[in-house]
file data.txt (compact mmCIF, C-alpha atoms)
# COMPACT_ATOMS: atom_id res chain seq x y z
CA MET A 102 -92.43 39.10 -32.93
CA ALA A 103 -89.84 41.52 -31.63
CA ALA A 104 -90.60 43.26 -28.36
CA ASP A 105 -90.28 46.77 -29.86
CA GLU A 106 -92.35 45.97 -33.00
CA PRO A 107 -95.86 47.64 -32.86
CA PRO A 108 -98.85 45.28 -33.09
CA GLU A 109 -100.43 45.09 -36.54
CA ARG A 110 -104.11 46.16 -36.81
CA GLN A 111 -106.47 43.45 -37.95
CA LEU A 112 -107.69 43.84 -41.54
CA ARG A 113 -111.53 44.02 -41.75
CA VAL A 114 -113.42 42.77 -44.85
CA LEU A 115 -115.62 45.44 -46.63
CA PRO A 116 -119.26 44.19 -46.53
CA TRP A 117 -121.21 44.09 -49.84
CA TRP A 118 -124.09 46.10 -48.56
CA LEU A 119 -121.82 49.04 -47.86
CA VAL A 120 -120.98 49.22 -51.58
CA LEU A 121 -124.70 48.99 -52.42
CA VAL A 122 -125.49 51.82 -49.99
CA GLY A 123 -122.80 53.92 -51.66
CA LEU A 124 -124.31 53.36 -55.06
CA LEU A 125 -127.80 54.17 -53.80
CA LEU A 126 -126.53 57.34 -52.16
CA ALA A 127 -124.85 58.35 -55.42
CA ALA A 128 -128.12 57.71 -57.34
CA ALA A 129 -130.12 59.58 -54.70
CA LEU A 130 -127.73 62.50 -54.85
CA GLY A 131 -127.97 62.60 -58.67
CA TRP A 132 -131.76 62.34 -58.54
CA LEU A 133 -131.96 65.18 -56.02
CA VAL A 134 -129.74 67.43 -58.11
CA LEU A 135 -131.74 66.57 -61.25
CA ASP A 136 -135.03 67.32 -59.51
CA LEU A 137 -133.79 70.68 -58.30
CA LEU A 138 -132.50 71.62 -61.74
CA LEU A 139 -135.70 70.50 -63.49
CA THR A 140 -137.79 72.49 -61.04
CA GLU A 141 -135.76 75.58 -61.85
CA ALA A 142 -136.00 74.87 -65.58
CA ASP A 143 -139.81 74.68 -65.40
CA ARG A 144 -139.97 78.22 -64.12
CA ALA A 145 -138.69 79.60 -67.39
CA SER A 146 -141.39 81.66 -69.35
CA GLN A 147 -140.31 80.75 -72.82
CA PRO A 148 -140.91 77.24 -74.04
CA ASP A 149 -137.67 77.09 -75.96
CA THR A 150 -135.68 78.25 -72.98
CA ARG A 151 -137.49 75.82 -70.71
CA ALA A 152 -136.70 72.89 -72.99
CA THR A 153 -133.03 73.88 -73.15
CA LEU A 154 -132.78 74.24 -69.39
CA ARG A 155 -134.40 70.85 -68.86
CA ILE A 156 -131.88 69.20 -71.17
CA ASP A 157 -129.01 70.91 -69.31
CA ALA A 158 -130.53 69.87 -66.01
CA ILE A 159 -130.71 66.25 -67.14
CA ARG A 160 -127.12 66.41 -68.38
CA THR A 161 -125.92 67.95 -65.12
CA GLY A 162 -127.77 65.37 -63.01
CA LEU A 163 -126.26 62.53 -64.96
CA THR A 164 -122.84 64.15 -64.64
CA VAL A 165 -123.27 64.38 -60.83
CA ILE A 166 -124.31 60.74 -60.73
CA ALA A 167 -121.34 59.72 -62.90
CA GLY A 168 -118.90 61.82 -60.81
CA THR A 169 -120.17 60.41 -57.55
CA GLY A 170 -119.86 56.89 -58.94
CA GLY A 171 -116.35 57.66 -60.19
CA GLY A 172 -115.40 58.95 -56.74
CA LEU A 173 -116.70 55.79 -55.17
CA ALA A 174 -114.74 53.76 -57.75
CA LEU A 175 -111.56 55.70 -56.90
CA LEU A 176 -112.09 55.06 -53.21
CA LEU A 177 -112.52 51.37 -53.86
CA ALA A 178 -109.38 51.31 -56.06
CA ALA A 179 -107.38 53.15 -53.36
CA ARG A 180 -108.62 50.65 -50.78
CA ARG A 181 -107.59 47.76 -52.99
CA GLN A 182 -104.09 49.31 -53.42
CA TRP A 183 -103.74 49.84 -49.64
CA ILE A 184 -104.84 46.26 -49.02
CA ALA A 185 -102.33 45.00 -51.60
CA GLU A 186 -99.48 46.99 -50.04
CA ARG A 187 -100.43 45.90 -46.56
CA SER A 188 -100.60 42.32 -47.74
CA GLN A 189 -97.12 42.67 -49.27
CA ARG A 190 -95.71 44.10 -46.03
CA HIS A 191 -97.39 41.35 -44.08
CA GLN A 192 -95.92 38.70 -46.34
CA GLU A 193 -92.47 40.26 -46.02
CA THR A 194 -92.81 40.42 -42.23
CA VAL A 195 -93.95 36.82 -42.05
CA ALA A 196 -91.09 35.76 -44.32
CA ALA A 197 -88.58 37.67 -42.16
CA ARG A 198 -89.98 36.09 -39.00
CA ASP A 199 -89.84 32.68 -40.57
CA GLN A 200 -86.23 33.24 -41.64
CA ALA A 201 -85.26 34.51 -38.18
CA HIS A 202 -86.94 31.50 -36.63
CA ARG A 203 -85.14 29.16 -39.01
CA ASP A 204 -81.86 30.92 -38.18
CA ARG A 205 -82.50 30.52 -34.46
CA VAL A 206 -83.37 26.88 -34.92
CA GLN A 207 -80.21 26.36 -37.01
CA ALA A 208 -78.02 28.18 -34.47
CA HIS A 209 -79.53 26.15 -31.65
CA ALA A 210 -78.98 22.94 -33.56
CA GLU A 211 -75.36 23.92 -34.26
CA SER A 212 -74.84 24.87 -30.62
CA VAL A 213 -76.26 21.55 -29.46
CA ALA A 214 -74.07 19.74 -31.98
CA ASP A 215 -70.96 21.66 -30.84
CA ALA A 216 -71.73 20.95 -27.18
CA THR A 217 -72.29 17.30 -27.99
CA GLN A 218 -69.03 17.15 -29.94
CA ARG A 219 -67.11 18.85 -27.12
CA GLN A 220 -68.59 16.44 -24.62
CA GLN A 221 -67.62 13.53 -26.81
CA ASP A 222 -64.11 14.99 -27.23
CA ARG A 223 -63.75 15.40 -23.46
CA GLN A 224 -64.93 11.87 -22.90
CA SER A 225 -62.55 10.62 -25.55
CA GLU A 226 -59.64 12.59 -24.07
CA ALA A 227 -60.50 11.37 -20.59
CA ALA A 228 -60.58 7.80 -21.84
CA GLU A 229 -57.25 8.26 -23.63
CA HIS A 230 -55.76 9.90 -20.52
CA ASP A 231 -56.98 7.08 -18.30
CA ALA A 232 -55.59 4.53 -20.72
CA ALA A 233 -52.25 6.36 -20.87
CA GLU A 234 -52.12 6.62 -17.08
CA ARG A 235 -52.88 2.94 -16.70
CA ARG A 236 -50.21 2.07 -19.24
CA LEU A 237 -47.73 4.43 -17.52
CA THR A 238 -48.50 2.91 -14.14
CA GLU A 239 -48.03 -0.58 -15.52
CA LEU A 240 -44.68 0.37 -17.08
CA TYR A 241 -43.53 2.09 -13.89
CA THR A 242 -44.60 -0.84 -11.72
CA ARG A 243 -42.89 -3.30 -14.03
CA ALA A 244 -39.66 -1.27 -14.07
CA VAL A 245 -39.61 -1.05 -10.26
CA GLU A 246 -40.21 -4.79 -10.04
CA LEU A 247 -37.23 -5.33 -12.31
CA LEU A 248 -35.14 -3.07 -10.12
CA GLY A 249 -35.91 -5.28 -7.14
CA ASN A 250 -34.97 -8.51 -8.89
CA ASP A 251 -32.20 -10.71 -7.51
CA SER A 252 -30.42 -10.79 -10.85
CA ALA A 253 -28.03 -7.92 -11.54
CA ALA A 254 -28.77 -8.11 -15.28
CA VAL A 255 -32.50 -7.74 -14.64
CA ARG A 256 -31.87 -4.78 -12.34
CA LEU A 257 -29.86 -3.11 -15.09
CA GLY A 258 -32.83 -3.58 -17.41
CA GLY A 259 -35.06 -1.98 -14.79
CA LEU A 260 -32.76 1.06 -14.61
CA HIS A 261 -32.86 1.59 -18.35
CA ALA A 262 -36.65 1.09 -18.37
CA LEU A 263 -37.05 3.79 -15.73
CA GLU A 264 -34.75 6.13 -17.66
CA ARG A 265 -36.73 5.69 -20.87
CA LEU A 266 -39.97 6.18 -18.98
CA GLY A 267 -38.66 9.45 -17.56
CA GLN A 268 -37.37 10.61 -20.93
CA ASP A 269 -40.78 10.10 -22.55
CA ASN A 270 -42.83 11.42 -19.60
CA PRO A 271 -41.40 14.63 -18.08
CA GLU A 272 -44.01 14.73 -15.31
CA GLN A 273 -42.68 11.40 -14.00
CA ARG A 274 -39.05 12.49 -13.75
CA PRO A 275 -39.08 13.65 -10.10
CA THR A 276 -40.60 10.32 -9.07
CA ILE A 277 -38.09 8.32 -11.12
CA VAL A 278 -35.17 10.31 -9.72
CA ALA A 279 -36.51 9.69 -6.21
CA VAL A 280 -36.67 5.94 -6.92
CA LEU A 281 -33.08 5.88 -8.24
CA CYS A 282 -31.85 7.86 -5.24
CA ALA A 283 -33.69 5.51 -2.90
CA TYR A 284 -32.02 2.55 -4.61
CA LEU A 285 -28.58 4.10 -4.11
CA ARG A 286 -29.39 4.79 -0.46
CA MET A 287 -30.11 1.11 0.17
CA PRO A 288 -27.32 -0.90 1.86
CA THR A 289 -25.25 -3.15 -0.37
CA PRO A 290 -22.81 -6.02 0.25
CA ASP A 291 -19.20 -4.83 0.18
CA ASP A 292 -17.07 -5.69 -2.84
CA GLU A 293 -19.91 -7.28 -4.81
CA PRO A 294 -18.86 -6.55 -8.42
CA ARG A 295 -22.26 -7.06 -10.06
CA GLU A 296 -24.05 -4.79 -7.58
CA THR A 297 -21.27 -2.24 -7.95
CA GLU A 298 -21.88 -2.16 -11.71
CA VAL A 299 -25.62 -1.72 -11.16
CA ARG A 300 -24.95 1.23 -8.85
CA ARG A 301 -22.54 2.78 -11.34
CA THR A 302 -25.27 2.54 -13.95
CA ALA A 303 -27.82 4.14 -11.61
CA GLN A 304 -25.37 6.99 -10.98
CA ARG A 305 -24.82 7.49 -14.71
CA VAL A 306 -28.58 7.52 -15.33
CA LEU A 307 -28.91 10.33 -12.78
CA THR A 308 -25.96 12.46 -13.89
CA ARG A 309 -26.67 11.97 -17.61
CA HIS A 310 -29.78 14.12 -17.26
CA LEU A 311 -28.28 16.87 -15.09
CA HIS A 312 -26.37 18.73 -17.81
CA ALA A 313 -28.28 21.97 -18.42
CA ASP A 314 -26.72 22.45 -21.87
CA ASP A 315 -27.80 19.00 -23.07
CA ALA A 316 -31.02 18.08 -24.87
CA ALA A 317 -31.52 15.22 -22.39
CA TYR A 318 -31.57 17.64 -19.41
CA TRP A 319 -34.25 16.96 -16.82
CA LEU A 320 -35.32 20.31 -15.47
CA VAL A 321 -35.37 20.93 -11.70
CA VAL A 322 -34.89 17.47 -10.25
CA THR A 323 -33.51 17.17 -6.74
CA LEU A 324 -31.00 14.56 -5.62
CA ASP A 325 -31.47 13.11 -2.15
CA LEU A 326 -28.49 10.81 -1.68
CA THR A 327 -28.13 11.07 2.07
CA GLY A 328 -26.16 8.11 3.35
CA ALA A 329 -25.78 6.64 -0.15
CA ARG A 330 -22.77 4.57 -1.15
CA LEU A 331 -21.43 6.01 -4.41
CA VAL A 332 -18.65 4.54 -6.55
CA ASP A 333 -16.59 6.80 -8.82
CA PHE A 334 -19.40 9.34 -8.75
CA ASP A 335 -19.01 11.74 -11.69
CA ALA A 336 -21.12 14.92 -11.54
CA ALA A 337 -18.75 16.98 -13.70
CA GLY A 338 -20.65 19.74 -15.48
CA CYS A 339 -23.93 18.84 -13.79
CA THR A 340 -26.49 21.29 -12.46
CA LEU A 341 -27.41 20.27 -8.91
CA VAL A 342 -30.54 21.78 -7.38
CA ASP A 343 -30.75 21.55 -3.57
CA ALA A 344 -28.70 18.36 -3.71
CA ASP A 345 -28.17 16.53 -0.43
CA PHE A 346 -25.25 14.11 0.00
CA THR A 347 -25.18 14.24 3.79
CA GLY A 348 -23.44 11.17 5.19
CA ALA A 349 -22.79 9.71 1.74
CA VAL A 350 -19.75 7.48 1.19
CA PHE A 351 -17.83 8.26 -2.01
CA THR A 352 -15.38 5.54 -2.96
CA GLY A 353 -12.92 5.76 -5.81
CA ALA A 354 -12.45 9.04 -7.69
CA THR A 355 -15.24 11.59 -7.29
CA SER A 356 -15.69 14.59 -9.57
CA PHE A 357 -17.78 17.75 -9.27
CA VAL A 358 -15.58 19.59 -11.78
CA GLY A 359 -17.43 22.46 -13.45
CA ALA A 360 -20.66 21.63 -11.63
CA THR A 361 -23.25 24.30 -10.80
CA ALA A 362 -24.96 24.09 -7.43
CA ARG A 363 -28.25 25.97 -7.23
CA GLY A 364 -29.59 26.10 -3.74
CA ARG A 365 -27.95 24.49 -0.75
CA LEU A 366 -25.38 21.77 -1.44
CA GLY A 367 -25.23 19.46 1.57
CA LEU A 368 -22.15 17.25 1.98
CA GLY A 369 -21.96 17.17 5.75
CA ALA A 370 -20.43 14.05 7.35
CA ALA A 371 -19.68 12.59 3.91
CA VAL A 372 -16.64 10.39 3.27
CA PHE A 373 -14.47 10.91 0.18
CA GLY A 374 -11.48 9.24 -1.40
CA ASP A 375 -9.98 11.44 -4.11
CA VAL A 376 -12.32 14.29 -5.03
CA ARG A 377 -12.23 17.30 -7.32
CA PHE A 378 -14.46 20.37 -7.03
CA ASP A 379 -12.47 22.46 -9.52
CA ASP A 380 -14.46 25.28 -11.17
CA LEU A 381 -17.53 24.50 -9.08
CA THR A 382 -20.03 27.38 -8.87
CA ALA A 383 -22.38 27.44 -5.88
CA ASP A 384 -24.95 30.21 -5.45
CA ALA A 385 -25.98 29.15 -1.93
CA GLU A 386 -24.28 27.67 1.12
CA VAL A 387 -22.07 24.62 0.69
CA VAL A 388 -21.86 22.47 3.81
CA LEU A 389 -18.73 20.35 4.33
CA ASP A 390 -18.94 20.00 8.11
CA ASP A 391 -17.51 16.80 9.61
CA VAL A 392 -16.41 15.52 6.20
CA ARG A 393 -13.53 13.06 5.90
CA PHE A 394 -11.35 13.43 2.81
CA GLY A 395 -9.24 10.30 2.55
CA GLY A 396 -7.27 11.29 -0.55
CA GLN A 397 -6.47 14.31 -2.64
CA ALA A 398 -9.01 17.14 -2.57
CA SER A 399 -9.00 19.97 -5.11
CA PHE A 400 -11.23 23.09 -5.13
CA ASP A 401 -9.19 25.19 -7.56
CA ARG A 402 -11.03 28.15 -9.15
CA ALA A 403 -14.27 27.24 -7.41
CA GLY A 404 -16.74 30.01 -6.62
CA PHE A 405 -18.54 29.79 -3.28
CA LEU A 406 -21.01 32.63 -3.76
CA GLY A 407 -23.25 31.68 -0.85
CA GLY A 408 -20.70 30.76 1.80
CA LEU A 409 -18.74 27.65 2.80
CA SER A 410 -18.92 25.81 6.11
CA CYS A 411 -16.12 23.27 6.59
CA ARG A 412 -16.01 22.79 10.36
CA ARG A 413 -14.41 19.80 12.08
CA SER A 414 -13.50 18.17 8.78
CA SER A 415 -10.41 16.10 8.03
CA PHE A 416 -8.23 16.30 4.89
CA ALA A 417 -5.84 13.33 4.76
CA GLY A 418 -4.26 14.12 1.39
CA PRO A 419 -2.99 17.23 -0.40
CA THR A 420 -5.66 19.92 -0.52
CA SER A 421 -5.88 22.90 -2.85
CA PHE A 422 -8.17 25.94 -2.88
CA GLY A 423 -6.02 27.81 -5.41
CA ARG A 424 -7.67 30.93 -6.88
CA THR A 425 -10.94 30.02 -5.21
CA THR A 426 -13.43 32.81 -4.48
CA PHE A 427 -15.37 32.96 -1.21
CA ASP A 428 -18.04 35.68 -1.42
CA GLN A 429 -19.68 35.01 1.95
CA PRO A 430 -18.40 34.11 5.45
CA THR A 431 -16.24 30.99 5.38
CA SER A 432 -15.31 28.72 8.26
CA PHE A 433 -12.65 26.01 8.65
CA ASP A 434 -12.94 25.94 12.44
CA GLY A 435 -11.70 22.73 14.01
CA THR A 436 -10.62 21.26 10.67
CA ARG A 437 -7.47 19.17 10.31
CA PHE A 438 -5.25 19.26 7.21
CA VAL A 439 -2.90 16.29 7.50
CA ASP A 440 -1.02 17.03 4.29
CA ASP A 441 -0.24 20.23 2.41
CA ALA A 442 -3.04 22.77 2.06
CA SER A 443 -2.87 25.56 -0.51
CA PHE A 444 -5.02 28.69 -0.66
CA ARG A 445 -2.74 30.40 -3.16
CA GLU A 446 -4.39 33.49 -4.73
CA ALA A 447 -7.68 32.70 -3.01
CA ILE A 448 -10.07 35.62 -2.54
CA PHE A 449 -12.05 35.90 0.69
CA GLN A 450 -14.72 38.57 0.20
CA GLY A 451 -16.47 37.54 3.41
CA SER A 452 -14.96 36.86 6.79
CA LEU A 453 -12.68 33.83 7.27
CA SER A 454 -12.50 31.80 10.46
CA VAL A 455 -9.72 29.21 10.82
CA GLU A 456 -9.81 28.81 14.58
CA HIS A 457 -8.62 25.65 16.37
CA THR A 458 -7.57 24.36 12.96
CA GLU A 459 -4.50 22.19 12.43
CA PHE A 460 -2.25 22.24 9.37
CA GLY A 461 -0.02 19.15 9.42
CA GLY A 462 1.74 20.04 6.17
CA LEU A 463 2.45 23.22 4.28
CA ALA A 464 -0.14 25.97 4.82
CA GLU A 465 0.12 28.25 1.81
CA PHE A 466 -1.78 31.53 1.58
CA ARG A 467 0.55 33.20 -0.94
CA SER A 468 -1.07 36.18 -2.70
CA ALA A 469 -4.40 35.52 -1.00
CA ARG A 470 -6.81 38.44 -0.57
CA PHE A 471 -8.73 38.93 2.68
CA ALA A 472 -11.38 41.62 2.18
CA SER A 473 -12.95 41.08 5.59
CA MET A 474 -11.90 39.82 9.02
CA ALA A 475 -9.48 36.85 9.07
CA LEU A 476 -9.25 34.77 12.25
CA PHE A 477 -6.41 32.29 12.77
CA ARG A 478 -6.67 32.07 16.56
CA TRP A 479 -5.49 28.84 18.20
CA THR A 480 -4.49 27.57 14.77
CA VAL A 481 -1.63 25.06 14.67
CA PHE A 482 0.78 25.27 11.72
CA GLY A 483 2.73 22.00 11.80
CA ALA A 484 4.91 22.89 8.80
CA GLU A 485 5.64 26.06 6.88
CA ALA A 486 3.02 28.82 7.00
CA LEU A 487 3.38 31.08 3.99
CA PHE A 488 1.42 34.35 3.79
CA GLU A 489 3.79 35.99 1.32
CA GLN A 490 2.26 38.77 -0.78
CA ALA A 491 -1.08 38.29 0.97
CA ARG A 492 -3.30 41.34 1.43
CA PHE A 493 -5.43 41.93 4.55
CA THR A 494 -7.97 44.72 4.01
CA ASP A 495 -9.61 44.24 7.40
CA SER A 496 -8.37 42.97 10.75
CA ALA A 497 -6.25 39.81 11.06
CA ASN A 498 -5.92 37.86 14.29
CA PHE A 499 -3.30 35.15 14.94
CA GLY A 500 -3.76 35.14 18.72
CA ARG A 501 -2.43 31.97 20.41
CA ALA A 502 -1.56 30.36 17.09
CA ARG A 503 1.39 27.97 16.99
CA PHE A 504 4.00 27.96 14.24
CA HIS A 505 6.04 24.74 14.44
CA SER A 506 8.09 25.62 11.38
CA ALA A 507 8.97 28.70 9.38
CA ALA A 508 6.31 31.42 9.10
CA SER A 509 6.71 33.96 6.33
CA PHE A 510 4.72 37.16 5.87
CA GLU A 511 7.20 38.61 3.37
CA GLY A 512 5.52 41.23 1.20
CA ALA A 513 2.19 40.84 3.03
CA GLN A 514 0.08 44.00 3.31
CA PHE A 515 -2.02 44.86 6.35
CA SER A 516 -4.48 47.75 6.56
CA ARG A 517 -4.40 47.24 10.34
CA ARG A 518 -1.72 45.91 12.58
CA PRO A 519 -2.32 42.15 12.97
CA LEU A 520 -3.07 40.76 16.42
CA VAL A 521 -0.64 38.05 17.56
CA ASP A 522 -1.25 37.97 21.28
CA GLN A 523 0.35 34.90 22.89
CA ALA A 524 1.10 33.26 19.55
CA ARG A 525 4.11 30.91 19.63
CA ALA A 526 6.70 30.05 17.01
CA ALA A 527 9.49 27.49 16.95
CA ALA A 528 12.85 29.04 17.75
CA GLY A 529 15.31 29.19 14.87
CA GLY A 530 12.63 28.69 12.24
CA GLY A 531 13.75 31.49 9.92
CA HIS A 532 10.51 33.45 10.36
CA VAL A 533 9.56 36.62 8.51
CA TRP A 534 7.00 38.43 10.64
CA PRO A 535 4.85 41.45 9.78
CA ALA A 536 6.44 44.80 10.50
CA ASP A 537 6.39 46.01 14.12
CA THR A 538 5.73 42.49 15.45
CA THR A 539 7.15 42.04 18.95
CA VAL A 540 8.89 38.68 19.41
CA GLU A 541 10.20 37.42 22.75
CA ARG A 542 12.06 34.23 23.52
CA LEU A 543 9.97 32.00 25.72
CA ASP A 544 12.52 29.18 26.11
CA ASP A 545 14.99 27.24 24.01
CA GLU A 546 12.25 25.87 21.76
CA TRP A 547 9.63 28.59 21.50
CA LEU A 548 9.30 32.25 20.67
CA LEU A 549 6.41 34.28 22.03
CA LEU A 550 4.64 36.92 19.94
CA VAL A 551 2.88 39.68 21.85
CA ASP A 552 0.86 42.74 20.97
CA SER A 553 2.77 45.82 22.08
call {"tool": "encode", "arguments": {"input": "data.txt", "output": "structure tokens"}}
result
Amino acid sequence: MAADEPPERQLRVLPWWLVLVGLLLAAALGWLVLDLLLTEADRASQPDTRATLRIDAIRTGLTVIAGTGGGLALLLAARRQWIAERSQRHQETVAARDQAHRDRVQAHAESVADATQRQQDRQSEAAEHDAAERRLTELYTRAVELLGNDSAAVRLGGLHALERLGQDNPEQRPTIVAVLCAYLRMPTPDDEPRETEVRRTAQRVLTRHLHADDAAYWLVVTLDLTGARLVDFDAAGCTLVDADFTGAVFTGATSFVGATARGRLGLGAAVFGDVRFDDLTADAEVVLDDVRFGGQASFDRAGFLGGLSCRRSSFAGPTSFGRTTFDQPTSFDGTRFVDDASFREAIFQGSLSVEHTEFGGLAEFRSARFASMALFRWTVFGAEALFEQARFTDSANFGRARFHSAASFEGAQFSRRPLVDQARAAAGGGHVWPADTTVERLDDEWLLLVDS
């Protein structure tokens, strides 16, 4: 029963004696009326009138008795109708309660069934997940075991097994990349052709999944190849996220052409043969401190948006930074360029520091743009130093620099007079100095530049 539904009054059964009493009362009432009327009729003086009045009295008494009985019959009929209606309402109420109860029972049964089904589904999913995890662990363990096998062919199979495992299970890719990087960081016998081929394959597995425009791209994996020995490493077009190659040894031809470096790119103390960084885009700092470049190095059209640090490095072969953009402070302090170095049409939006740097070959800064401070103090130019058509928007300082061959600033533009205090230049070198530069002869071999 609902809480707001009023309680139903109990139906009482009409006793038989109450009906009998009603009939007796009706008869008594009729008898009383008849007696009164007969008494009045007997008072009439004429016999004929008296007889007529007595007949009327009898008729009236019977009528009263009949009317009273009819009234009682109507009352009983009304009571029967009320009882029938109440019985109908009661039946309807009971039916509604029964239906509501059945509905509640059905809803409860369905709820229990749904809960049971969900529990069974969860248990089934958990069992499937556990089975999949066990299978994945077994595959991973087996692949790693293959990678540690003495046979080069078996190790190659382990590499491909790990790659397929990573391709089918994205959540395992960081772990697989870490395993491959760890393998490449392990020491290897020199000039062992089979191991070299295994390492080339490991490198290709890594770089194959670092192309952001490829369907096989592995999103946000980090390379930790510190101290690794890499052979003909090809990361052209790859997206490198916080990649660390500190102390790595790159043999053969290395390529980062068109690569995108997101986050810090660490190459400090690395060793390169021939390397190309053409069209590289780096949104954070690139570290090339203490790097040894044994062959040709090219950075043409690269974009160093987060700064470049190239301190104390050594470039043994021709080096080119043609049309390269440096958006943040850049440093080549203490770096040695053994061969020609070109910065033709390079753009330095941030400050440039080339202090205590040595250029053994041609140092070309033709048409370069220096939007901030440019420091060439104590820099040694062993061959020609060409700053023709260069533009210096901020201060330029060549204090104590040494020009062992011709220095040309023909067509160069300076927003401020460049500082050349105590800079020296070889006598008879055919120099073209900035306007208003004061040059004094120091001796037969050297000229002295001073700030007037």
call {"tool": "atom_distance", "arguments": {"input": "data.txt", "atom1": "atom CA of Leu320 of chain A", "atom2": "atom CA of Gly369 of chain A"}}
result
25.3 Å
call {"tool": "residues_near_point", "arguments": {"input": "data.txt", "point": "(-18.1, 40.4, 5.7)", "cutoff": "9 Å", "atoms": "all atoms listed in the file", "output": "list in words"}}
result
Asp428, Gln429, Pro430, Gln450, Gly451, Ser452, Leu453, Ala472, Ser473 and Met474 of chain A
call {"tool": "write_last_selection", "arguments": {"input": "data.txt", "atoms": "C-alpha atoms", "output": "short mmCIF file (atom, residue, chain, number, x, y, z; two decimals), in the coordinates of the input"}}
result
data_model
loop_
_atom_site.label_atom_id
_atom_site.label_comp_id
_atom_site.auth_asym_id
_atom_site.auth_seq_id
_atom_site.Cartn_x
_atom_site.Cartn_y
_atom_site.Cartn_z
CA ASP A 428 -18.04 35.68 -1.42
CA GLN A 429 -19.68 35.01 1.95
CA PRO A 430 -18.40 34.11 5.45
CA GLN A 450 -14.72 38.57 0.20
CA GLY A 451 -16.47 37.54 3.41
CA SER A 452 -14.96 36.86 6.79
CA LEU A 453 -12.68 33.83 7.27
CA ALA A 472 -11.38 41.62 2.18
CA SER A 473 -12.95 41.08 5.59
CA MET A 474 -11.90 39.82 9.02
#
call {"tool": "residues_around", "arguments": {"input": "data.txt", "residues": "Leu257 of chain A", "least_positions_apart": "2", "cutoff": "8 Å", "atoms": "only C-alpha atoms", "output": "PyMOL selection string"}}
result
chain A and resi 248+253-255+259-261+299+302
call {"tool": "write_last_selection", "arguments": {"input": "data.txt", "atoms": "C-alpha atoms", "output": "compact mmCIF listing (two decimals), keeping the file's coordinate frame"}}
result
# COMPACT_ATOMS: atom_id res chain seq x y z
CA LEU A 248 -35.14 -3.07 -10.12
CA ALA A 253 -28.03 -7.92 -11.54
CA ALA A 254 -28.77 -8.11 -15.28
CA VAL A 255 -32.50 -7.74 -14.64
CA GLY A 259 -35.06 -1.98 -14.79
CA LEU A 260 -32.76 1.06 -14.61
CA HIS A 261 -32.86 1.59 -18.35
CA VAL A 299 -25.62 -1.72 -11.16
CA THR A 302 -25.27 2.54 -13.95
call {"tool": "closest_residue", "arguments": {"input": "data.txt", "among": "A:Ala447, A:Ala403, A:Ala174, A:Ala317", "to": "Phe357 of chain A", "atoms": "only C-alpha atoms"}}
result
A:Ala403
call {"tool": "residues_around", "arguments": {"input": "data.txt", "residues": "Arg467 of chain A", "least_positions_apart": "5", "cutoff": "7 Å", "atoms": "all atoms listed in the file", "output": "ChimeraX atom specification"}}
result
/A:445-446,487-491
call {"tool": "write_last_selection", "arguments": {"input": "data.txt", "atoms": "C-alpha atoms", "output": "PDB file, keeping the file's coordinate frame"}}
result
ATOM      1  CA  ARG A 445      -2.740  30.400  -3.160  1.00  0.00           C
ATOM      2  CA  GLU A 446      -4.390  33.490  -4.730  1.00  0.00           C
ATOM      3  CA  LEU A 487       3.380  31.080   3.990  1.00  0.00           C
ATOM      4  CA  PHE A 488       1.420  34.350   3.790  1.00  0.00           C
ATOM      5  CA  GLU A 489       3.790  35.990   1.320  1.00  0.00           C
ATOM      6  CA  GLN A 490       2.260  38.770  -0.780  1.00  0.00           C
ATOM      7  CA  ALA A 491      -1.080  38.290   0.970  1.00  0.00           C
TER       8      ALA A 491
END
call {"tool": "atom_distance", "arguments": {"input": "data.txt", "atom1": "atom CA of Trp319 of chain A", "atom2": "atom CA of Ala337 of chain A"}}
result
15.8 Å
call {"tool": "residues_around", "arguments": {"input": "data.txt", "residues": "Leu331 of chain A", "least_positions_apart": "4", "cutoff": "7 Å", "atoms": "only C-alpha atoms", "output": "PyMOL selection string"}}
result
chain A and resi 350-352
call {"tool": "atom_distance", "arguments": {"input": "data.txt", "atom1": "atom CA of His532 of chain A", "atom2": "atom CA of Asp544 of chain A"}}
result
16.4 Å
call {"tool": "closest_residue", "arguments": {"input": "data.txt", "among": "A:Phe515, A:Phe449, A:Phe433, A:Phe400", "to": "Thr480 of chain A", "atoms": "only C-alpha atoms"}}
result
A:Phe433
call {"tool": "residues_around", "arguments": {"input": "data.txt", "residues": "segment 340-345 of chain A", "least_positions_apart": "5", "cutoff": "7 Å", "atoms": "only C-alpha atoms", "output": "list in words"}}
result
Leu311, His312, Ala313, Val321, Val322, Thr323, Leu324, Asp325, Leu326, Thr327, Ala360, Thr361, Ala362, Arg363, Gly364, Arg365, Leu366, Gly367 and Leu368 of chain A
call {"tool": "residues_near_point", "arguments": {"input": "data.txt", "point": "(1.5, 43.8, 5.6)", "cutoff": "8 Å", "atoms": "all atoms listed in the file", "output": "list in words"}}
result
Ala491, Arg492, Phe493, Phe510, Gly512, Ala513, Gln514, Phe515, Ser516, Arg518, Pro535 and Ala536 of chain A
call {"tool": "closest_residue", "arguments": {"input": "data.txt", "among": "A:Glu296, A:Phe477, A:Arg309, A:Asp391", "to": "Asp251 of chain A", "atoms": "only C-alpha atoms"}}
result
A:Glu296
call {"tool": "residues_around", "arguments": {"input": "data.txt", "residues": "Gly258 of chain A", "least_positions_apart": "6", "cutoff": "12 Å", "atoms": "only C-alpha atoms", "output": "list in words"}}
result
Arg243, Ala244, Val245, Glu246, Leu247, Leu248, Gly249, Asn250, Ser252, Glu264, Arg265, Val299, Thr302 and Ala303 of chain A
